[in-house]
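Asker: The following file, final.cif, comprises mmCIF, C-alpha atoms:
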data_upload
loop_
_atom_site.label_atom_id
_atom_site.label_comp_id
_atom_site.auth_asym_id
_atom_site.auth_seq_id
_atom_site.Cartn_x
_atom_site.Cartn_y
_atom_site.Cartn_z
CA MET Q 1 -8.64 -10.14 10.19
CA LYS Q 2 -7.59 -7.59 7.58
CA ILE Q 3 -10.43 -5.20 6.70
CA LEU Q 4 -10.57 -2.66 3.88
CA ILE Q 5 -12.88 0.26 4.68
CA SER Q 6 -14.21 2.79 2.20
CA ASN Q 7 -17.30 4.98 1.89
CA ASP Q 8 -19.07 7.60 -0.20
CA ASP Q 9 -19.15 10.40 2.37
CA GLY Q 10 -15.42 11.01 2.19
CA ILE Q 11 -12.40 10.42 4.41
CA LEU Q 12 -13.40 13.17 6.87
CA ALA Q 13 -16.90 11.82 7.53
CA ASN Q 14 -17.87 10.94 11.08
CA GLY Q 15 -19.28 7.57 10.00
CA ILE Q 16 -16.00 6.22 8.66
CA HIS Q 17 -14.19 7.69 11.68
CA ALA Q 18 -16.40 5.73 14.10
CA LEU Q 19 -16.07 2.51 12.07
CA MET Q 20 -12.28 2.78 11.85
CA GLU Q 21 -11.97 3.42 15.57
CA GLU Q 22 -14.21 0.50 16.56
CA LEU Q 23 -12.93 -2.15 14.14
CA SER Q 24 -9.26 -1.35 14.72
CA LYS Q 25 -9.66 -2.59 18.30
CA LYS Q 26 -9.74 -6.19 16.99
CA HIS Q 27 -8.66 -6.06 13.34
CA ASP Q 28 -6.05 -4.65 10.97
CA VAL Q 29 -7.85 -1.80 9.24
CA TYR Q 30 -6.84 -0.23 5.92
CA VAL Q 31 -8.73 2.75 4.48
CA VAL Q 32 -9.04 3.97 0.89
CA ALA Q 33 -11.75 6.62 0.65
CA PRO Q 34 -12.79 9.59 -1.51
CA ASP Q 35 -11.21 12.93 -0.71
CA ARG Q 36 -14.68 14.51 -0.63
CA GLU Q 37 -18.34 13.53 -0.45
CA ARG Q 38 -19.51 11.32 -3.31
CA SER Q 39 -23.01 10.42 -2.09
CA ALA Q 40 -25.50 8.93 -4.58
CA ALA Q 41 -22.66 8.28 -7.02
CA GLY Q 42 -24.09 4.85 -7.76
CA HIS Q 43 -21.71 2.33 -9.31
CA SER Q 44 -19.73 4.78 -11.39
CA LEU Q 45 -16.05 4.53 -12.26
CA THR Q 46 -13.61 7.19 -13.45
CA LEU Q 47 -12.53 6.52 -17.04
CA HIS Q 48 -11.59 9.82 -18.69
CA THR Q 49 -9.61 11.70 -16.02
CA PRO Q 50 -6.57 10.70 -13.96
CA LEU Q 51 -7.13 9.20 -10.52
CA ARG Q 52 -5.03 10.92 -7.89
CA VAL Q 53 -4.03 8.91 -4.82
CA GLU Q 54 -2.32 10.20 -1.69
CA GLU Q 55 -1.35 8.33 1.45
CA VAL Q 56 -2.26 10.35 4.54
CA ASP Q 57 -1.46 9.95 8.21
CA ALA Q 58 -3.19 6.89 9.63
CA LYS Q 59 -5.73 7.84 12.29
CA TYR Q 60 -8.29 6.26 14.59
CA GLY Q 61 -6.34 3.00 14.87
CA ALA Q 62 -6.06 2.27 11.15
CA LYS Q 63 -2.83 0.72 9.84
CA ARG Q 64 -2.70 2.85 6.68
CA CYS Q 65 -4.99 5.41 4.99
CA TRP Q 66 -5.22 6.79 1.46
CA ILE Q 67 -7.45 9.36 -0.21
CA THR Q 68 -8.39 9.41 -3.89
CA THR Q 69 -10.15 11.74 -6.29
CA GLY Q 70 -12.26 8.82 -7.46
CA THR Q 71 -15.71 7.43 -6.79
CA PRO Q 72 -16.52 4.85 -4.10
CA GLY Q 73 -16.21 2.10 -6.71
CA ASP Q 74 -12.84 3.48 -7.79
CA CYS Q 75 -11.62 3.35 -4.19
CA VAL Q 76 -12.15 -0.40 -3.77
CA LYS Q 77 -10.94 -1.22 -7.28
CA LEU Q 78 -7.80 0.86 -6.79
CA ALA Q 79 -7.15 -0.46 -3.30
CA ILE Q 80 -7.19 -4.12 -4.30
CA ASN Q 81 -5.53 -3.82 -7.72
CA ALA Q 82 -2.99 -1.06 -7.19
CA ILE Q 83 -2.56 0.23 -3.64
CA LEU Q 84 -2.52 -2.58 -1.10
CA SER Q 85 0.39 -4.99 -1.04
CA GLU Q 86 -0.24 -8.74 -1.18
CA ASP Q 87 0.00 -9.08 2.59
CA GLU Q 88 -2.45 -6.20 3.04
CA LYS Q 89 -5.22 -7.62 0.80
CA PRO Q 90 -8.48 -7.74 2.79
CA ASP Q 91 -10.35 -10.66 4.26
CA LEU Q 92 -13.41 -8.40 4.29
CA VAL Q 93 -14.49 -5.17 2.57
CA ILE Q 94 -16.76 -2.80 4.51
CA SER Q 95 -18.38 0.32 3.11
CA GLY Q 96 -19.70 3.00 5.46
CA ILE Q 97 -20.92 3.96 7.89
CA ASN Q 98 -23.21 5.92 5.57
CA HIS Q 99 -24.78 9.15 6.77
CA GLY Q 100 -28.42 8.13 6.29
CA PRO Q 101 -30.31 4.94 5.37
CA ASN Q 102 -29.82 2.78 2.29
CA LEU Q 103 -33.13 0.95 2.04
CA GLY Q 104 -35.39 -0.52 -0.60
CA ALA Q 105 -34.90 0.32 -4.26
CA ASP Q 106 -32.93 3.43 -3.30
CA ILE Q 107 -29.84 1.21 -3.00
CA LEU Q 108 -29.59 1.46 -6.80
CA TYR Q 109 -28.34 5.03 -6.37
CA SER Q 110 -26.18 4.37 -3.33
CA GLY Q 111 -22.44 4.92 -3.48
CA THR Q 112 -22.15 3.03 -0.18
CA VAL Q 113 -23.81 -0.11 -1.55
CA SER Q 114 -21.95 0.14 -4.86
CA CYS Q 115 -18.65 0.41 -2.99
CA ALA Q 116 -19.36 -2.93 -1.30
CA MET Q 117 -20.61 -4.38 -4.58
CA GLU Q 118 -17.25 -3.62 -6.16
CA GLY Q 119 -15.60 -5.71 -3.47
CA ALA Q 120 -18.00 -8.59 -4.14
CA MET Q 121 -17.44 -8.33 -7.89
CA MET Q 122 -13.73 -8.82 -7.23
CA GLY Q 123 -14.40 -11.90 -5.12
CA PHE Q 124 -14.06 -10.43 -1.62
CA PRO Q 125 -16.71 -10.81 1.13
CA SER Q 126 -18.31 -7.39 1.42
CA ILE Q 127 -20.69 -5.48 3.67
CA ALA Q 128 -22.43 -2.11 3.31
CA THR Q 129 -23.34 -0.30 6.53
CA SER Q 130 -25.62 2.67 7.11
CA LEU Q 131 -27.01 4.66 10.01
CA ALA Q 132 -30.74 5.02 9.36
CA SER Q 133 -30.85 8.53 10.78
CA MET Q 134 -30.23 12.06 9.57
CA ARG Q 135 -28.09 12.86 12.61
CA THR Q 136 -24.42 13.02 11.65
CA ASP Q 137 -22.45 13.87 14.81
CA TYR Q 138 -19.65 11.45 15.65
CA GLU Q 139 -21.44 10.16 18.77
CA ASP Q 140 -24.45 9.19 16.65
CA PHE Q 141 -22.38 6.54 14.81
CA LYS Q 142 -20.87 4.76 17.82
CA VAL Q 143 -23.79 2.36 18.33
CA THR Q 144 -23.81 1.43 14.64
CA ALA Q 145 -20.04 0.83 14.70
CA SER Q 146 -20.36 -1.49 17.72
CA VAL Q 147 -23.25 -3.38 16.07
CA VAL Q 148 -21.17 -3.91 12.93
CA SER Q 149 -18.22 -5.13 15.00
CA GLU Q 150 -20.38 -7.65 16.86
CA MET Q 151 -22.02 -8.78 13.63
CA ILE Q 152 -18.61 -9.56 12.13
CA ASN Q 153 -17.94 -11.81 15.12
CA HIS Q 154 -21.24 -13.65 14.66
CA LEU Q 155 -20.53 -14.10 10.95
CA SER Q 156 -17.04 -15.49 11.50
CA ASP Q 157 -18.15 -19.01 10.51
CA TYR Q 158 -20.47 -17.85 7.72
CA LYS Q 159 -19.21 -17.52 4.17
CA ILE Q 160 -21.00 -14.77 2.27
CA PRO Q 161 -21.99 -16.34 -1.09
CA PRO Q 162 -20.29 -15.18 -4.31
CA ARG Q 163 -21.79 -12.12 -6.05
CA THR Q 164 -23.48 -11.15 -2.76
CA ILE Q 165 -23.14 -8.40 -0.17
CA LEU Q 166 -24.87 -7.85 3.15
CA ASN Q 167 -26.61 -4.48 3.37
CA ILE Q 168 -26.93 -3.44 7.03
CA ASN Q 169 -29.07 -0.55 8.29
CA VAL Q 170 -29.00 0.35 11.98
CA PRO Q 171 -31.71 2.56 13.53
CA GLY Q 172 -30.53 5.83 15.01
CA LEU Q 173 -31.30 4.77 18.59
CA GLU Q 174 -29.53 4.02 21.84
CA ARG Q 175 -28.39 0.40 22.10
CA GLU Q 176 -31.06 -0.51 24.67
CA ASP Q 177 -33.83 0.82 22.40
CA ILE Q 178 -32.95 -1.38 19.40
CA ALA Q 179 -35.46 -4.25 19.25
CA GLY Q 180 -33.15 -6.81 17.61
CA VAL Q 181 -31.81 -7.96 14.26
CA ALA Q 182 -33.92 -9.00 11.26
CA VAL Q 183 -32.83 -10.68 8.04
CA THR Q 184 -34.97 -8.93 5.44
CA GLU Q 185 -35.73 -8.49 1.78
CA LEU Q 186 -35.54 -5.16 0.01
CA GLY Q 187 -38.55 -2.91 0.33
CA SER Q 188 -39.97 -1.01 -2.63
CA ARG Q 189 -39.23 2.71 -2.37
CA MET Q 190 -38.51 4.99 0.56
CA PHE Q 191 -39.95 8.08 -1.12
CA THR Q 192 -42.39 9.00 -3.87
CA ASP Q 193 -41.02 10.64 -7.02
CA GLU Q 194 -42.20 14.22 -6.71
CA TYR Q 195 -40.60 17.51 -7.71
CA GLU Q 196 -41.47 21.01 -6.61
CA LYS Q 197 -41.31 23.66 -9.30
CA ARG Q 198 -39.73 26.86 -8.01
CA ILE Q 199 -38.51 30.22 -9.29
CA ASP Q 200 -35.07 31.53 -8.40
CA PRO Q 201 -34.36 35.24 -7.63
CA ARG Q 202 -33.54 35.84 -11.31
CA GLY Q 203 -36.89 34.48 -12.43
CA LYS Q 204 -35.53 31.17 -13.75
CA VAL Q 205 -37.44 27.93 -13.20
CA TYR Q 206 -35.79 25.11 -11.24
CA TYR Q 207 -36.97 21.86 -9.64
CA TRP Q 208 -36.35 20.40 -6.19
CA MET Q 209 -36.86 16.72 -5.41
CA ALA Q 210 -39.46 16.64 -2.64
CA GLY Q 211 -40.89 13.12 -2.43
CA GLU Q 212 -42.86 11.94 0.60
CA LEU Q 213 -42.20 8.83 2.68
CA ILE Q 214 -43.97 5.69 1.44
CA THR Q 215 -45.64 3.57 4.08
CA GLU Q 216 -45.36 -0.22 4.23
CA PRO Q 217 -47.27 -2.69 6.41
CA ASP Q 218 -45.59 -3.02 9.81
CA ASP Q 219 -45.44 -6.81 9.43
CA ALA Q 220 -43.75 -6.74 6.00
CA ASN Q 221 -40.45 -8.61 5.94
CA THR Q 222 -38.59 -5.70 4.38
CA ASP Q 223 -35.64 -3.59 5.39
CA ILE Q 224 -37.83 -0.48 5.51
CA SER Q 225 -40.35 -2.11 7.84
CA ALA Q 226 -37.61 -3.53 10.09
CA VAL Q 227 -35.94 -0.16 10.62
CA ARG Q 228 -39.30 1.49 11.29
CA ASN Q 229 -39.83 -1.19 13.95
CA ASN Q 230 -36.49 -0.25 15.56
CA MET Q 231 -34.65 -3.32 14.31
CA VAL Q 232 -31.29 -3.69 12.58
CA SER Q 233 -31.99 -4.89 9.04
CA VAL Q 234 -29.58 -7.25 7.26
CA THR Q 235 -30.41 -7.77 3.59
CA PRO Q 236 -28.45 -10.11 1.31
CA ILE Q 237 -28.15 -8.44 -2.09
CA THR Q 238 -26.74 -9.74 -5.36
CA TYR Q 239 -25.56 -7.84 -8.41
CA ASP Q 240 -26.55 -10.79 -10.63
CA MET Q 241 -29.67 -9.24 -12.16
CA THR Q 242 -30.54 -12.11 -14.50
CA ARG Q 243 -34.22 -13.12 -14.12
CA THR Q 244 -33.51 -16.83 -14.53
CA ASN Q 245 -37.08 -17.77 -13.53
CA ILE Q 246 -38.55 -16.25 -16.70
CA MET Q 247 -35.91 -17.34 -19.21
CA LYS Q 248 -37.74 -20.51 -20.26
CA GLU Q 249 -41.06 -18.72 -20.76
CA LEU Q 250 -39.34 -15.93 -22.69
CA GLU Q 251 -37.61 -18.45 -24.95
CA GLN Q 252 -40.90 -20.23 -25.64
CA SER Q 253 -42.50 -16.94 -26.66
CA LEU Q 254 -39.57 -15.61 -28.64
CA CYS Q 255 -38.17 -18.74 -30.25
CA SER Q 256 -39.19 -22.25 -31.27
CA GLU Q 257 -37.09 -25.37 -31.00
CA LYS Q 258 -34.42 -23.20 -29.32
CA PHE Q 259 -33.81 -21.37 -32.57
CA CYS Q 260 -35.25 -17.96 -33.46
CA ASN Q 261 -35.98 -18.81 -37.09
CA TRP Q 262 -37.92 -15.59 -37.69
CA PHE Q 263 -34.64 -13.65 -37.59
CA LYS Q 264 -32.88 -13.69 -40.97
#
Write out the structure in this file as C-alpha cells.

Answerer:
Amino acid sequence: MKILISNDDGILANGIHALMEELSKKHDVYVVAPDRERSAAGHSLTLHTPLRVEEVDAKYGAKRCWITTGTPGDCVKLAINAILSEDEKPDLVISGINHGPNLGADILYSGTVSCAMEGAMMGFPSIATSLASMRTDYEDFKVTASVVSEMINHLSDYKIPPRTILNINVPGLEREDIAGVAVTELGSRMFTDEYEKRIDPRGKVYYWMAGELITEPDDANTDISAVRNNMVSVTPITYDMTRTNIMKELEQSLCSEKFCNWFK
C-alpha cells in the first residue's frame, strides 16, 4: 500500500518519526510535512504568500520526504496535486501522530484532523492519529504507531465512506495496559473556556487560556470517555456539516409551498 503521511507538529516531530518507521516496514511511505510546528492551525490554507517546497533526505524507511512552509492542509493538497507522481499517489492518507489528544469539539481547531480532512475532501481514504498524552519522547509514540499499523490491517477490507475520516486517539500507556478499542462518537469539550488575567513585567495586561478538564460519565460512548477508560477511541467524522434532519422543519417555518413569497 502507498501511504502519504503528514502532520501539524512538523517534519522533526517524534510522532511522525515513529509512524514513518513503523508503517514503512509493510508499506511504501511518502511524507510531505510542515517545516515547523503548525499546531491548532485548523483547516487553513496559504493563499497570499508563496509555498516553498524542498525535498529532503528520506529517513526512517520512507521512500521520499518533502518539507513545506505551508499549513497541514497545504501539505496534503500540495502532495496530491503537485508533488507526488501518478505512481506515487496514495491509497491512504494518515495525519499524525499528534503530540497530544484530539478529542471532542476540540477537533475543530486541530491541524492534525484538518490534514486528514483535506485528504478526504480530495477523495482519498484518510485517518487522523493522536497520542492522548503530553509525553513527547520518541519512545512514547511507539505503541501508538504499532496500534495504527495493526488497525490498517484490520481495515483492509473496509472502505471508509466518502467525506469521512477516522479520528484515532491512543492512550499514553504500555500496550498491556490498554483495555481495548472502542468505536465512539465525539464528546463535547475537553476543557472549559477560561482565561487568567495577568500583568507582564512592564505592567501591561495579558490573558492566558487556563480552562479546566470537563468530566463526562464513564459509561458515555464518547471519545473522551473511552480514552479516560484506557481504550483506543476510533471516531468516524464527516466534514459534511449540513443538518439534513432539520431542513424540512426549517422550510416549513421559513417558506410556504416551497416558495418564500415574503421575499420580494

Asker: Within 12 Å of (-14.6, 5.4, 8.3) in the file's own coordinates, which protein, DNA or RNA residues have an atom, counting all atoms listed in the file? List them as a PyMOL selection string.

Answerer: chain Q and resi 3-24+29-34+58-62+65-67+94-99+112+128-130+138+141-142+144-145

Asker: Spell out the residues picked by the PyMOL selection byres ((chain Q and resi 71-78) around 6) here, as a ChimeraX atom specification.

Answerer: /Q:8,32-33,45,70,79-82,111,115,118

Asker: Report the residues retrieved by the PyMOL selection byres ((chain Q and resi 223) around 7) from the displayed file, expressed as number ranges by chain.

Answerer: Q: 103-104, 184-187, 221-222, 224-227, 233, 235

Asker: Keeping C-alpha atoms, export the residues of the selection given above as a tab-separated table (two decimals), keeping the file's coordinate frame.

Answerer:
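Resulting contents of out-v9.tsv:
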chain	number	residue	atom	x	y	z
Q	103	LEU	CA	-33.13	0.95	2.04
Q	104	GLY	CA	-35.39	-0.52	-0.60
Q	184	THR	CA	-34.97	-8.93	5.44
Q	185	GLU	CA	-35.73	-8.49	1.78
Q	186	LEU	CA	-35.54	-5.16	0.01
Q	187	GLY	CA	-38.55	-2.91	0.33
Q	221	ASN	CA	-40.45	-8.61	5.94
Q	222	THR	CA	-38.59	-5.70	4.38
Q	224	ILE	CA	-37.83	-0.48	5.51
Q	225	SER	CA	-40.35	-2.11	7.84
Q	226	ALA	CA	-37.61	-3.53	10.09
Q	227	VAL	CA	-35.94	-0.16	10.62
Q	233	SER	CA	-31.99	-4.89	9.04
Q	235	THR	CA	-30.41	-7.77	3.59

Asker: Considering all atoms listed in the file, return as a CSV table (one decimal) with C-alpha atoms, in the coordinates of the input whatever protein or nucleic-acid residues lie within 7 Å of stretch 156-173 of chain Q, sequence-local ones (same chain, fewer than 3 positions apart) excluded.

Answerer:
chain,number,residue,atom,x,y,z
Q,101,PRO,CA,-30.3,4.9,5.4
Q,102,ASN,CA,-29.8,2.8,2.3
Q,116,ALA,CA,-19.4,-2.9,-1.3
Q,117,MET,CA,-20.6,-4.4,-4.6
Q,120,ALA,CA,-18.0,-8.6,-4.1
Q,121,MET,CA,-17.4,-8.3,-7.9
Q,123,GLY,CA,-14.4,-11.9,-5.1
Q,125,PRO,CA,-16.7,-10.8,1.1
Q,126,SER,CA,-18.3,-7.4,1.4
Q,127,ILE,CA,-20.7,-5.5,3.7
Q,128,ALA,CA,-22.4,-2.1,3.3
Q,129,THR,CA,-23.3,-0.3,6.5
Q,130,SER,CA,-25.6,2.7,7.1
Q,131,LEU,CA,-27.0,4.7,10.0
Q,132,ALA,CA,-30.7,5.0,9.4
Q,133,SER,CA,-30.8,8.5,10.8
Q,144,THR,CA,-23.8,1.4,14.6
Q,152,ILE,CA,-18.6,-9.6,12.1
Q,153,ASN,CA,-17.9,-11.8,15.1
Q,177,ASP,CA,-33.8,0.8,22.4
Q,178,ILE,CA,-33.0,-1.4,19.4
Q,227,VAL,CA,-35.9,-0.2,10.6
Q,230,ASN,CA,-36.5,-0.2,15.6
Q,231,MET,CA,-34.6,-3.3,14.3
Q,232,VAL,CA,-31.3,-3.7,12.6
Q,233,SER,CA,-32.0,-4.9,9.0
Q,234,VAL,CA,-29.6,-7.2,7.3
Q,235,THR,CA,-30.4,-7.8,3.6
Q,236,PRO,CA,-28.4,-10.1,1.3
Q,237,ILE,CA,-28.2,-8.4,-2.1
Q,238,THR,CA,-26.7,-9.7,-5.4
Q,239,TYR,CA,-25.6,-7.8,-8.4
Q,240,ASP,CA,-26.6,-10.8,-10.6

Asker: In Å, how far is it from atom CA of Q:Arg175 to atom CA of Q:Ala105?

Answerer: 27.2 Å

Asker: Counting all atoms listed in the file, which of Q:Lys26, Q:Ala182, Q:Pro217, Q:Phe259 gets nearest to Q:Ser146?

Answerer: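 Looking at the shortest contact to Q:Ser146, the residue is Q:Lys26.
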
Asker: Quick one: of Q:Asp106, Q:Asp87, Q:Glu55, Q:Glu150, who's nearest to Q:Ser188, counting all atoms listed in the file?

Answerer: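 Answer, going by the shortest atom-to-atom distance: Q:Asp106.
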
Asker: Could you please determine the separation between atom CA of Q:Ser114 and atom CA of Q:Ile246 in Å, to one decimal place?

Answerer: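 A separation of 26.2 Å between them.
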
Asker: Using Å and a single decimal, report how far atom CA of Q:Val183 sits from atom CA of Q:Asp140.

Answerer: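 Atom-to-atom, atom CA of Q:Asp140 and atom CA of Q:Val183 are spaced 23.2 Å apart.
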
Asker: Using only C-alpha atoms, which of Q:Asn229, Q:Lys197, Q:Thr242, Q:Tyr207 sits nearest Q:Val181?

Answerer: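 Ranked by minimum distance to Q:Val181, first place goes to Q:Asn229.
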
Asker: Return the single residue from Q:Lys2, Q:His48, Q:His27, Q:Arg64 that is closest to Q:Val93, with distances computed using only C-alpha atoms.

Answerer: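 Ranked by minimum distance to Q:Val93, first place goes to Q:Lys2.
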